>>> print(open('protein-v4.cif').read())   # mmCIF, C-alpha atoms and all ligand atoms
data_model
#
loop_
_atom_site.label_atom_id
_atom_site.label_comp_id
_atom_site.auth_asym_id
_atom_site.auth_seq_id
_atom_site.Cartn_x
_atom_site.Cartn_y
_atom_site.Cartn_z
CA MET A 1 109.68 164.60 46.16
CA LYS A 2 110.96 161.07 45.63
CA LEU A 3 112.39 158.34 47.78
CA ILE A 4 115.17 156.58 45.90
CA THR A 5 116.03 153.16 47.30
CA ALA A 6 119.06 151.17 46.17
CA ILE A 7 120.00 147.61 47.06
CA ILE A 8 123.74 147.50 46.45
CA LYS A 9 126.83 145.43 47.12
CA PRO A 10 128.23 146.27 50.59
CA HIS A 11 131.64 146.79 48.94
CA GLN A 12 130.26 149.61 46.82
CA LEU A 13 128.79 151.64 49.68
CA ASP A 14 131.78 153.96 50.11
CA GLU A 15 131.89 154.73 46.41
CA VAL A 16 128.15 155.39 46.25
CA LYS A 17 128.26 157.55 49.37
CA GLU A 18 131.12 159.66 48.03
CA ALA A 19 129.44 160.07 44.66
CA LEU A 20 126.22 161.21 46.35
CA GLU A 21 128.11 163.69 48.51
CA ALA A 22 129.97 165.03 45.49
CA PHE A 23 126.60 165.53 43.82
CA GLY A 24 125.39 167.46 46.84
CA VAL A 25 122.89 165.11 48.47
CA ALA A 26 122.11 166.37 51.99
CA GLY A 27 121.60 163.08 53.79
CA MET A 28 120.97 159.37 53.48
CA THR A 29 119.84 156.31 55.42
CA ILE A 30 121.34 152.83 55.22
CA SER A 31 120.33 149.47 56.66
CA GLU A 32 121.22 145.82 56.33
CA ALA A 33 119.30 143.64 53.92
CA SER A 34 119.83 140.51 51.90
CA GLY A 35 118.35 139.17 48.76
CA TYR A 36 118.78 137.71 45.34
CA GLY A 37 117.91 138.48 41.76
CA ARG A 38 117.72 136.36 38.62
CA GLN A 39 120.59 133.97 39.39
CA ARG A 40 118.82 132.21 42.22
CA GLY A 41 120.85 129.03 41.90
CA HIS A 42 124.15 130.72 41.08
CA SER A 43 126.72 131.53 43.69
CA GLU A 44 127.95 135.05 44.44
CA VAL A 45 131.19 136.03 46.11
CA TYR A 46 130.93 138.09 49.30
CA ARG A 47 133.95 138.83 51.53
CA GLY A 48 135.98 136.20 49.75
CA ALA A 49 133.41 133.47 50.38
CA GLU A 50 131.20 131.96 47.73
CA TYR A 51 127.51 132.04 48.58
CA THR A 52 125.34 129.29 47.21
CA VAL A 53 122.61 130.09 49.67
CA ASP A 54 119.85 132.20 48.26
CA PHE A 55 120.12 135.35 50.31
CA VAL A 56 123.28 137.37 49.75
CA PRO A 57 124.06 140.29 52.12
CA LYS A 58 123.35 143.69 50.59
CA VAL A 59 123.16 147.30 51.75
CA ARG A 60 119.89 149.13 51.43
CA LEU A 61 120.39 152.84 50.79
CA GLU A 62 117.62 155.42 50.87
CA VAL A 63 117.79 159.01 49.70
CA LEU A 64 115.00 161.58 49.79
CA VAL A 65 115.34 164.06 46.93
CA ASP A 66 113.53 166.83 45.17
CA ASP A 67 111.70 165.67 42.01
CA ILE A 68 114.03 167.68 39.82
CA ASP A 69 117.10 165.90 41.22
CA ALA A 70 115.68 162.37 41.11
CA PRO A 71 116.94 161.31 37.65
CA ASP A 72 120.44 162.62 38.37
CA VAL A 73 120.65 161.00 41.79
CA LEU A 74 119.53 157.71 40.30
CA GLU A 75 122.27 158.03 37.67
CA VAL A 76 124.91 158.88 40.29
CA ILE A 77 124.02 155.77 42.31
CA LEU A 78 123.91 153.63 39.16
CA LYS A 79 127.43 154.62 38.08
CA ALA A 80 128.97 154.29 41.52
CA ALA A 81 127.32 150.94 42.31
CA GLN A 82 128.19 149.26 39.01
CA THR A 83 130.97 146.68 39.01
CA GLY A 84 129.76 144.81 35.93
CA ARG A 85 129.36 141.57 37.84
CA ILE A 86 126.10 139.81 38.68
CA GLY A 87 124.37 140.95 41.83
CA ASP A 88 125.20 144.65 41.30
CA GLY A 89 121.77 145.63 42.52
CA LYS A 90 118.51 147.42 41.87
CA ILE A 91 117.50 151.04 42.28
CA TRP A 92 113.91 152.24 42.43
CA SER A 93 112.06 155.47 42.92
CA VAL A 94 108.79 156.01 44.76
CA PRO A 95 106.65 159.17 44.98
CA VAL A 96 106.66 160.95 48.35
CA ASP A 97 103.75 163.13 49.49
CA GLU A 98 105.38 164.91 52.38
CA VAL A 99 108.73 165.24 54.17
CA VAL A 100 109.26 166.80 57.60
CA ARG A 101 112.57 167.76 59.28
CA VAL A 102 111.93 166.85 62.89
CA ARG A 103 114.13 169.40 64.69
CA THR A 104 112.73 172.43 62.87
CA GLY A 105 109.32 171.23 61.72
CA GLU A 106 110.14 172.38 58.17
CA ARG A 107 108.19 170.64 55.39
CA GLY A 108 108.62 169.85 51.74
CA VAL A 109 111.78 170.53 49.78
CA SER A 110 113.21 172.75 52.52
CA ALA A 111 112.99 169.76 54.89
CA LEU A 112 115.38 167.67 52.80
CA MET B 1 96.12 154.86 52.76
CA LYS B 2 99.60 156.14 53.56
CA LEU B 3 102.81 154.64 54.83
CA ILE B 4 104.48 157.05 57.23
CA THR B 5 108.17 156.37 57.78
CA ALA B 6 110.20 158.10 60.46
CA ILE B 7 113.95 157.95 61.05
CA ILE B 8 114.33 158.92 64.69
CA LYS B 9 116.81 158.91 67.56
CA PRO B 10 116.76 155.51 69.30
CA HIS B 11 116.30 157.34 72.61
CA GLN B 12 113.01 158.79 71.44
CA LEU B 13 111.41 155.49 70.42
CA ASP B 14 109.53 154.94 73.68
CA GLU B 15 108.11 158.43 73.61
CA VAL B 16 107.04 158.12 69.98
CA LYS B 17 105.51 154.70 70.57
CA GLU B 18 103.51 155.91 73.56
CA ALA B 19 102.31 158.99 71.70
CA LEU B 20 101.17 156.83 68.77
CA GLU B 21 99.34 154.44 71.09
CA ALA B 22 97.67 157.35 72.88
CA PHE B 23 96.52 158.59 69.46
CA GLY B 24 95.08 155.16 68.71
CA VAL B 25 97.40 153.75 66.07
CA ALA B 26 96.75 150.01 65.71
CA GLY B 27 100.25 148.79 64.95
CA MET B 28 103.75 149.67 63.86
CA THR B 29 106.97 148.21 62.51
CA ILE B 30 110.49 149.15 63.57
CA SER B 31 113.94 148.24 62.27
CA GLU B 32 117.54 149.31 62.71
CA ALA B 33 119.03 151.88 60.38
CA SER B 34 121.77 154.44 60.39
CA GLY B 35 122.35 157.64 58.53
CA TYR B 36 123.18 161.27 58.54
CA GLY B 37 121.67 164.58 57.49
CA ARG B 38 123.13 167.99 56.82
CA GLN B 39 125.90 167.94 59.44
CA ARG B 40 127.96 165.32 57.67
CA GLY B 41 131.21 166.47 59.25
CA HIS B 42 129.74 167.25 62.66
CA SER B 43 129.69 164.78 65.50
CA GLU B 44 126.52 163.53 67.17
CA VAL B 45 126.23 162.03 70.61
CA TYR B 46 124.80 158.49 70.86
CA ARG B 47 124.80 156.49 74.10
CA GLY B 48 127.25 158.88 75.68
CA ALA B 49 129.77 158.52 72.86
CA GLU B 50 130.51 161.19 70.28
CA TYR B 51 130.21 159.95 66.71
CA THR B 52 132.44 161.58 64.14
CA VAL B 53 131.86 158.75 61.73
CA ASP B 54 129.23 159.47 59.13
CA PHE B 55 126.54 156.95 59.96
CA VAL B 56 124.80 157.44 63.28
CA PRO B 57 122.47 154.67 64.58
CA LYS B 58 118.78 155.48 64.15
CA VAL B 59 115.46 153.70 64.47
CA ARG B 60 113.26 153.38 61.43
CA LEU B 61 109.57 153.41 62.33
CA GLU B 62 106.77 152.61 59.89
CA VAL B 63 103.06 153.14 60.39
CA LEU B 64 100.29 152.34 57.93
CA VAL B 65 97.38 154.74 58.33
CA ASP B 66 94.16 155.82 56.74
CA ASP B 67 94.51 158.94 54.56
CA ILE B 68 92.40 160.94 56.95
CA ASP B 69 94.69 160.17 59.90
CA ALA B 70 97.97 160.77 58.07
CA PRO B 71 98.50 164.48 58.93
CA ASP B 72 97.72 163.87 62.62
CA VAL B 73 99.95 160.81 62.88
CA LEU B 74 102.77 162.74 61.27
CA GLU B 75 102.26 165.52 63.83
CA VAL B 76 102.19 163.05 66.73
CA ILE B 77 105.51 161.54 65.64
CA LEU B 78 107.01 164.99 65.04
CA LYS B 79 106.22 166.21 68.56
CA ALA B 80 107.32 163.03 70.31
CA ALA B 81 110.57 162.69 68.34
CA GLN B 82 111.69 166.31 68.76
CA THR B 83 114.50 167.04 71.21
CA GLY B 84 115.63 170.27 69.55
CA ARG B 85 119.13 168.93 68.92
CA ILE B 86 120.65 168.11 65.53
CA GLY B 87 119.93 164.67 64.19
CA ASP B 88 116.33 164.61 65.42
CA GLY B 89 115.22 162.90 62.23
CA LYS B 90 113.03 162.93 59.16
CA ILE B 91 109.46 161.80 58.62
CA TRP B 92 107.94 161.11 55.23
CA SER B 93 104.68 159.88 53.80
CA VAL B 94 104.16 157.67 50.75
CA PRO B 95 100.89 156.69 49.03
CA VAL B 96 99.78 153.08 49.50
CA ASP B 97 97.57 151.31 46.95
CA GLU B 98 96.53 148.31 48.99
CA VAL B 99 96.89 146.82 52.48
CA VAL B 100 96.05 143.23 53.45
CA ARG B 101 95.77 141.74 56.95
CA VAL B 102 97.24 138.29 56.47
CA ARG B 103 95.32 136.29 59.09
CA THR B 104 91.88 137.40 57.91
CA GLY B 105 92.49 138.43 54.30
CA GLU B 106 90.80 141.80 55.01
CA ARG B 107 91.77 144.63 52.66
CA GLY B 108 91.93 148.39 52.74
CA VAL B 109 91.20 150.48 55.81
CA SER B 110 89.68 147.53 57.67
CA ALA B 111 93.02 145.72 57.29
CA LEU B 112 94.93 148.36 59.27
CA MET C 1 105.46 148.85 38.67
CA LYS C 2 104.72 148.17 42.33
CA LEU C 3 106.75 147.49 45.43
CA ILE C 4 105.01 144.87 47.52
CA THR C 5 106.16 144.79 51.14
CA ALA C 6 105.17 142.05 53.56
CA ILE C 7 105.82 141.85 57.30
CA ILE C 8 105.58 138.16 58.05
CA LYS C 9 106.37 135.58 60.71
CA PRO C 10 110.02 134.47 60.40
CA HIS C 11 108.78 130.85 60.40
CA GLN C 12 106.82 131.45 57.22
CA LEU C 13 109.69 132.86 55.18
CA ASP C 14 110.64 129.61 53.48
CA GLU C 15 107.06 128.91 52.48
CA VAL C 16 106.58 132.44 51.12
CA LYS C 17 109.88 132.33 49.25
CA GLU C 18 109.05 128.99 47.63
CA ALA C 19 105.58 130.16 46.66
CA LEU C 20 107.02 133.30 45.06
CA GLU C 21 109.59 131.27 43.15
CA ALA C 22 106.91 128.86 41.95
CA PHE C 23 104.96 131.86 40.71
CA GLY C 24 108.02 133.08 38.82
CA VAL C 25 109.14 136.13 40.78
CA ALA C 26 112.66 137.08 39.66
CA GLY C 27 114.09 138.37 42.94
CA MET C 28 113.36 139.61 46.42
CA THR C 29 114.88 141.48 49.35
CA ILE C 30 114.52 140.60 53.02
CA SER C 31 115.53 142.35 56.23
CA GLU C 32 114.92 142.08 59.96
CA ALA C 33 112.15 144.06 61.56
CA SER C 34 109.92 143.85 64.58
CA GLY C 35 106.52 145.17 65.40
CA TYR C 36 103.05 144.60 66.64
CA GLY C 37 99.47 144.88 65.48
CA ARG C 38 96.16 145.08 67.27
CA GLN C 39 96.98 142.77 70.20
CA ARG C 40 99.43 145.16 71.80
CA GLY C 41 98.96 143.73 75.28
CA HIS C 42 98.63 140.11 74.19
CA SER C 43 101.55 137.77 74.09
CA GLU C 44 102.75 136.03 70.95
CA VAL C 45 104.80 132.88 70.75
CA TYR C 46 108.14 133.10 68.93
CA ARG C 47 110.66 130.26 68.93
CA GLY C 48 108.84 128.54 71.76
CA ALA C 49 108.97 131.61 74.00
CA GLU C 50 105.99 133.76 74.86
CA TYR C 51 106.53 137.44 74.12
CA THR C 52 104.71 139.90 76.30
CA VAL C 53 106.98 142.70 75.16
CA ASP C 54 105.53 144.88 72.45
CA PHE C 55 107.88 144.27 69.57
CA VAL C 56 107.84 140.77 68.14
CA PRO C 57 110.54 139.76 65.60
CA LYS C 58 109.29 139.70 62.01
CA VAL C 59 110.76 139.39 58.53
CA ARG C 60 110.28 142.22 56.10
CA LEU C 61 110.04 141.00 52.52
CA GLU C 62 110.08 143.27 49.47
CA VAL C 63 109.27 142.32 45.90
CA LEU C 64 109.32 144.62 42.87
CA VAL C 65 106.76 143.52 40.31
CA ASP C 66 105.07 144.60 37.12
CA ASP C 67 101.63 146.21 37.68
CA ILE C 68 99.90 143.31 36.00
CA ASP C 69 101.45 140.79 38.40
CA ALA C 70 100.85 142.78 41.57
CA PRO C 71 97.45 141.32 42.60
CA ASP C 72 98.65 137.75 42.02
CA VAL C 73 101.91 138.25 43.89
CA LEU C 74 100.01 139.74 46.81
CA GLU C 75 97.71 136.70 46.80
CA VAL C 76 100.66 134.29 46.65
CA ILE C 77 102.28 135.93 49.68
CA LEU C 78 98.95 136.04 51.54
CA LYS C 79 98.33 132.32 51.14
CA ALA C 80 101.87 131.27 51.99
CA ALA C 81 102.16 133.56 55.04
CA GLN C 82 98.84 132.62 56.59
CA THR C 83 98.87 130.34 59.64
CA GLY C 84 95.52 131.50 61.02
CA ARG C 85 97.07 132.68 64.26
CA ILE C 86 97.39 136.27 65.45
CA GLY C 87 100.45 138.14 64.25
CA ASP C 88 100.35 136.63 60.74
CA GLY C 89 101.32 139.94 59.22
CA LYS C 90 100.51 142.74 56.83
CA ILE C 91 101.14 143.14 53.11
CA TRP C 92 101.03 146.45 51.29
CA SER C 93 101.63 147.75 47.80
CA VAL C 94 103.18 151.08 46.82
CA PRO C 95 103.46 152.63 43.32
CA VAL C 96 106.98 152.70 41.84
CA ASP C 97 108.00 155.31 39.25
CA GLU C 98 111.21 153.73 38.03
CA VAL C 99 113.34 150.62 38.46
CA VAL C 100 116.95 150.23 37.26
CA ARG C 101 119.02 147.03 37.06
CA VAL C 102 122.46 148.24 38.09
CA ARG C 103 124.69 145.86 36.13
CA THR C 104 123.04 146.48 32.76
CA GLY C 105 121.44 149.89 33.24
CA GLU C 106 118.11 148.46 32.01
CA ARG C 107 114.99 150.35 33.14
CA GLY C 108 111.35 149.63 33.75
CA VAL C 109 109.80 146.19 33.50
CA SER C 110 112.87 144.74 31.80
CA ALA C 111 114.91 145.74 34.86
CA LEU C 112 112.90 143.51 37.20
N1 LIG D 1 112.34 141.78 41.93
C1 LIG D 1 113.01 142.19 43.02
N2 LIG D 1 112.33 142.69 44.07
C2 LIG D 1 112.96 143.12 45.17
N3 LIG D 1 114.29 143.11 45.32
C3 LIG D 1 115.03 142.63 44.30
C4 LIG D 1 114.43 142.15 43.11
N4 LIG D 1 115.43 141.74 42.28
C5 LIG D 1 116.58 141.97 42.93
N5 LIG D 1 116.35 142.50 44.14
C6 LIG D 1 117.34 142.90 45.15
O1 LIG D 1 118.47 143.44 44.50
C7 LIG D 1 119.63 142.69 44.84
C8 LIG D 1 120.53 142.62 43.66
O2 LIG D 1 119.84 141.97 42.59
P1 LIG D 1 120.66 141.58 41.29
O3 LIG D 1 121.64 142.69 41.01
O4 LIG D 1 121.22 140.21 41.43
O5 LIG D 1 119.51 141.62 40.19
P2 LIG D 1 119.54 140.84 38.79
O6 LIG D 1 118.31 141.26 38.04
O7 LIG D 1 119.76 139.39 39.05
O8 LIG D 1 120.79 141.48 38.05
P3 LIG D 1 122.17 140.76 37.62
O9 LIG D 1 121.86 139.90 36.42
O10 LIG D 1 123.11 141.87 37.29
O11 LIG D 1 122.62 139.94 38.81
C9 LIG D 1 119.11 141.34 45.31
O12 LIG D 1 120.03 140.75 46.22
C10 LIG D 1 117.82 141.71 45.97
O13 LIG D 1 118.07 142.16 47.30
N1 LIG D 2 117.91 163.28 52.40
C1 LIG D 2 117.77 162.21 53.19
N2 LIG D 2 117.41 161.04 52.65
C2 LIG D 2 117.24 159.94 53.40
N3 LIG D 2 117.43 159.91 54.72
C3 LIG D 2 117.79 161.07 55.32
C4 LIG D 2 117.98 162.26 54.60
N4 LIG D 2 118.33 163.25 55.48
C5 LIG D 2 118.35 162.68 56.70
N5 LIG D 2 118.03 161.37 56.61
C6 LIG D 2 117.92 160.41 57.71
O1 LIG D 2 117.41 161.05 58.84
C7 LIG D 2 118.32 160.97 59.93
C8 LIG D 2 118.25 162.22 60.72
O2 LIG D 2 118.61 163.32 59.91
P1 LIG D 2 118.85 164.74 60.56
O3 LIG D 2 117.82 164.92 61.64
O4 LIG D 2 120.29 164.90 60.96
O5 LIG D 2 118.49 165.70 59.34
P2 LIG D 2 118.99 167.20 59.18
O6 LIG D 2 118.32 167.76 57.96
O7 LIG D 2 120.49 167.23 59.24
O8 LIG D 2 118.36 167.95 60.45
P3 LIG D 2 119.14 168.63 61.69
O9 LIG D 2 119.72 169.91 61.20
O10 LIG D 2 118.10 168.82 62.72
O11 LIG D 2 120.21 167.64 62.13
C9 LIG D 2 119.67 160.69 59.30
O12 LIG D 2 120.52 160.00 60.20
C10 LIG D 2 119.29 159.86 58.10
O13 LIG D 2 119.13 158.50 58.51
N1 LIG D 3 99.42 149.76 61.20
C1 LIG D 3 100.58 149.16 61.00
N2 LIG D 3 101.60 149.87 60.46
C2 LIG D 3 102.80 149.31 60.24
N3 LIG D 3 103.07 148.03 60.50
C3 LIG D 3 102.10 147.28 61.05
C4 LIG D 3 100.81 147.80 61.32
N4 LIG D 3 100.06 146.79 61.84
C5 LIG D 3 100.84 145.71 61.88
N5 LIG D 3 102.07 145.98 61.41
C6 LIG D 3 103.21 145.06 61.27
O1 LIG D 3 102.73 143.79 60.90
C7 LIG D 3 103.12 142.83 61.88
C8 LIG D 3 102.02 141.82 62.03
O2 LIG D 3 100.83 142.47 62.45
P1 LIG D 3 99.59 141.59 62.89
O3 LIG D 3 99.52 140.42 61.98
O4 LIG D 3 99.66 141.33 64.35
O5 LIG D 3 98.39 142.60 62.58
P2 LIG D 3 96.94 142.53 63.23
O6 LIG D 3 96.10 143.57 62.54
O7 LIG D 3 97.10 142.61 64.72
O8 LIG D 3 96.39 141.11 62.79
P3 LIG D 3 96.04 139.84 63.73
O9 LIG D 3 94.74 140.16 64.42
O10 LIG D 3 95.92 138.70 62.79
O11 LIG D 3 97.18 139.68 64.70
C9 LIG D 3 103.39 143.63 63.13
O12 LIG D 3 104.34 142.93 63.97
C10 LIG D 3 103.96 144.91 62.59
O13 LIG D 3 105.34 144.73 62.29
MG MG D 4 121.46 138.70 40.08
MG MG D 5 121.51 166.50 60.90
MG MG D 6 98.19 141.19 65.78
#
>>> encode(input="protein-v4.cif", output="structure tokens")
Amino acid sequence: MKLITAIIKPHQLDEVKEALEAFGVAGMTISEASGYGRQRGHSEVYRGAEYTVDFVPKVRLEVLVDDIDAPDVLEVILKAAQTGRIGDGKIWSVPVDEVVRVRTGERGVSAL
Amino acid sequence: MKLITAIIKPHQLDEVKEALEAFGVAGMTISEASGYGRQRGHSEVYRGAEYTVDFVPKVRLEVLVDDIDAPDVLEVILKAAQTGRIGDGKIWSVPVDEVVRVRTGERGVSAL
Amino acid sequence: MKLITAIIKPHQLDEVKEALEAFGVAGMTISEASGYGRQRGHSEVYRGAEYTVDFVPKVRLEVLVDDIDAPDVLEVILKAAQTGRIGDGKIWSVPVDEVVRVRTGERGVSAL
């Protein structure tokens, strides 16, 4: 299994969420984050305001998936998160040894 | 070493924390998250209110452990987080290459 | 590639950020977290107040780096985060299978 993490623009969350649901992803976790990429000094627009400060608000999205689905899920997030403007985000994938579904105690792919 | 991450019900945090301490875990990190699993459309109850919105508040718990302790720590969290009701959470384990304790510069298992 | 995560004192963020920039890191993500290490019962000082509660506010910093840079980046964070007092933090490194830069679709090291 893989844990796919995406740091995306807050504006794009609905689109990414809907694209993941359309693909058939069973669940996801989000949290607040902030950050910056290569344009440290540049300003980014967020909620109509221009940010010259370094850390721009982002949404962190995490999705646990079966290995076989990982490339497709990454592609689904990529397409839905892309606006073509700087600060669109990063997506990464990390290997996962074990997953457990707490209510049932199921493990592995059937726990997803 | 392993990084065990659990997305649990906020109500269960105290129980999970006490169970981990009783087991002998040396430290932990928590943060706010929200998410949903397989019952996308269903409502969940949080702080007396019924949530029909997608993202239900959760606590994200992270524990760095030695490989040999990982299965037990996962089991400890599983038992303490379980209420038997939907939305009880997910736990996963990821391989960790290196850990450093900042104050002392210790590395590996002695840094935990 | 590696994902280096550091749980540091909020006070040290500026110093860590500047040290990472001086090293040449292209981007980073931060978020709020809280936690504790080995001095569960001990109090820590945060913003002039003594915390006897378990969970002390921390900053979680994440940096995606090329494998070859990982040991140096870890060292840079270690030096900049160190105050010599308890609660200085933990740093860990996790293997990353894939990174994508959303705007351009670039993958791997060129996506960092
Ligand atoms: N090397 C990195 N490590 C960790 N997080 C990063 C890294 N680079 C970027 N991020 C996170 O991703 C978010 C979006 O980055 P961003 O899209 O600006 O990357 P970029 O490489 O500068 O691409 P672009 O040129 O399209 O802006 C940042 O706000 C930050 O939270
Ligand atoms: N595939 C997933 N990827 C990432 N996070 C997930 C995933 N599935 C669930 N989560 C996280 O775990 C939390 C709890 O999920 P939940 O317990 O509802 O899973 P479930 O499979 O629907 O189990 P149950 O049937 O017991 O409700 C969610 O709110 C979400 O934050
Ligand atoms: N085993 C662990 N798993 C996950 N997070 C941890 C662990 N230990 C510590 N942390 C996180 O790192 C933060 C800082 O830990 P801390 O520096 O107090 O570790 P320590 O081993 O007690 O070192 P020191 O003796 O210098 O205080 C904690 O607030 C917590 O968020
Ligand atoms: Mg950028
Ligand atoms: Mg559910
Ligand atoms: Mg400590």
>>> residues_around(input="protein-v4.cif", residues="Glu32 in chain C", least_positions_apart="4", cutoff="12 Å", atoms="only C-alpha atoms", output="list in words")
Ser31, Glu32, Ala33 and Ser34 of chain A; Thr29, Ile30, Ser31, Glu32, Ala33 and Arg60 of chain B; Ala6, Ile7, Ile8, Lys9, Pro10, Leu13, Val56, Pro57, Lys58, Val59, Arg60, Leu61 and Glu62 of chain C
>>> residues_near_ligand(input="protein-v4.cif", ligand="ligand MG 5 (chain D)", cutoff="10 Å", atoms="all atoms listed in the file", output="PyMOL selection string")
(chain A and resi 26-27+101-103) or (chain B and resi 35-44+56+85-90)
>>> write_last_selection(input="protein-v4.cif", atoms="C-alpha atoms", output="PDB file, keeping the file's coordinate frame")
ATOM      1  CA  ALA A  26     122.110 166.370  51.990  1.00  0.00           C
ATOM      2  CA  GLY A  27     121.600 163.080  53.790  1.00  0.00           C
ATOM      3  CA  ARG A 101     112.570 167.760  59.280  1.00  0.00           C
ATOM      4  CA  VAL A 102     111.930 166.850  62.890  1.00  0.00           C
ATOM      5  CA  ARG A 103     114.130 169.400  64.690  1.00  0.00           C
TER       6      ARG A 103
ATOM      7  CA  GLY B  35     122.350 157.640  58.530  1.00  0.00           C
ATOM      8  CA  TYR B  36     123.180 161.270  58.540  1.00  0.00           C
ATOM      9  CA  GLY B  37     121.670 164.580  57.490  1.00  0.00           C
ATOM     10  CA  ARG B  38     123.130 167.990  56.820  1.00  0.00           C
ATOM     11  CA  GLN B  39     125.900 167.940  59.440  1.00  0.00           C
ATOM     12  CA  ARG B  40     127.960 165.320  57.670  1.00  0.00           C
ATOM     13  CA  GLY B  41     131.210 166.470  59.250  1.00  0.00           C
ATOM     14  CA  HIS B  42     129.740 167.250  62.660  1.00  0.00           C
ATOM     15  CA  SER B  43     129.690 164.780  65.500  1.00  0.00           C
ATOM     16  CA  GLU B  44     126.520 163.530  67.170  1.00  0.00           C
ATOM     17  CA  VAL B  56     124.800 157.440  63.280  1.00  0.00           C
ATOM     18  CA  ARG B  85     119.130 168.930  68.920  1.00  0.00           C
ATOM     19  CA  ILE B  86     120.650 168.110  65.530  1.00  0.00           C
ATOM     20  CA  GLY B  87     119.930 164.670  64.190  1.00  0.00           C
ATOM     21  CA  ASP B  88     116.330 164.610  65.420  1.00  0.00           C
ATOM     22  CA  GLY B  89     115.220 162.900  62.230  1.00  0.00           C
ATOM     23  CA  LYS B  90     113.030 162.930  59.160  1.00  0.00           C
TER      24      LYS B  90
END
>>> closest_atom_pairs(input="protein-v4.cif", of="chain B", to="ligand LIG 3 (chain D)", cutoff="12 Å", atoms="only C-alpha atoms and all ligand atoms", output="Markdown table")
| residue | atom | partner | partner_atom | distance |
| --- | --- | --- | --- | --- |
| B:Met1 | CA | D:LIG3 | N1 | 10.4 |
| B:Lys2 | CA | D:LIG3 | N2 | 9.5 |
| B:Leu3 | CA | D:LIG3 | N2 | 7.5 |
| B:Ile4 | CA | D:LIG3 | N2 | 8.4 |
| B:Thr5 | CA | D:LIG3 | C2 | 9.2 |
| B:Ala6 | CA | D:LIG3 | C2 | 11.5 |
| B:Lys17 | CA | D:LIG3 | N2 | 11.9 |
| B:Leu20 | CA | D:LIG3 | N1 | 10.5 |
| B:Glu21 | CA | D:LIG3 | N1 | 10.9 |
| B:Gly24 | CA | D:LIG3 | N1 | 10.2 |
| B:Val25 | CA | D:LIG3 | N1 | 6.6 |
| B:Ala26 | CA | D:LIG3 | N1 | 5.2 |
| B:Gly27 | CA | D:LIG3 | N4 | 3.7 |
| B:Met28 | CA | D:LIG3 | C2 | 3.8 |
| B:Thr29 | CA | D:LIG3 | O13 | 3.8 |
| B:Ile30 | CA | D:LIG3 | O13 | 6.9 |
| B:Ser31 | CA | D:LIG3 | O13 | 9.3 |
| B:Arg60 | CA | D:LIG3 | C2 | 11.3 |
| B:Leu61 | CA | D:LIG3 | C2 | 8.2 |
| B:Glu62 | CA | D:LIG3 | C2 | 5.2 |
| B:Val63 | CA | D:LIG3 | N2 | 3.6 |
| B:Leu64 | CA | D:LIG3 | N2 | 3.8 |
| B:Val65 | CA | D:LIG3 | N1 | 6.1 |
| B:Asp66 | CA | D:LIG3 | N1 | 9.2 |
| B:Asp69 | CA | D:LIG3 | N1 | 11.5 |
| B:Ala70 | CA | D:LIG3 | N1 | 11.5 |
| B:Val73 | CA | D:LIG3 | N1 | 11.2 |
| B:Val96 | CA | D:LIG3 | N2 | 11.6 |
| B:Val99 | CA | D:LIG3 | N1 | 9.5 |
| B:Val100 | CA | D:LIG3 | O6 | 9.1 |
| B:Arg101 | CA | D:LIG3 | O6 | 5.9 |
| B:Val102 | CA | D:LIG3 | O3 | 6.3 |
| B:Arg103 | CA | D:LIG3 | O10 | 4.5 |
| B:Thr104 | CA | D:LIG3 | O10 | 6.5 |
| B:Gly105 | CA | D:LIG3 | O10 | 9.2 |
| B:Glu106 | CA | D:LIG3 | O6 | 9.4 |
| B:Arg107 | CA | D:LIG3 | O6 | 10.8 |
| B:Gly108 | CA | D:LIG3 | N1 | 11.4 |
| B:Val109 | CA | D:LIG3 | N1 | 9.9 |
| B:Ser110 | CA | D:LIG3 | O6 | 9.0 |
| B:Ala111 | CA | D:LIG3 | O6 | 6.5 |
| B:Leu112 | CA | D:LIG3 | N1 | 5.1 |
>>> atom_distance(input="protein-v4.cif", atom1="CA of Val16 in chain A", atom2="CA of Val76 in chain A")
7.6 Å
>>> closest_residue(input="protein-v4.cif", among="A:Asp14, A:Glu75, A:Asp54, A:Asp67", to="chain B", atoms="all atoms listed in the file")
A:Asp14
>>> closest_residue(input="protein-v4.cif", among="B:Glu15, B:Glu98, B:Ala22, B:Lys79", to="chain A", atoms="all atoms listed in the file")
B:Lys79
>>> atom_distance(input="protein-v4.cif", atom1="atom O1 of ligand LIG 1 (chain D)", atom2="CA of Pro71 in chain A")
19.2 Å
>>> atom_distance(input="protein-v4.cif", atom1="atom O7 of ligand LIG 1 (chain D)", atom2="CA of Trp92 in chain C")
23.5 Å
>>> axis_aligned_box(input="protein-v4.cif", around="range 66-72 of chain C", padding_each_side="6 Å", output="AutoDock Vina command-line options")
--center_x 101.3 --center_y 142.0 --center_z 39.3 --size_x 19.6 --size_y 20.5 --size_z 18.6
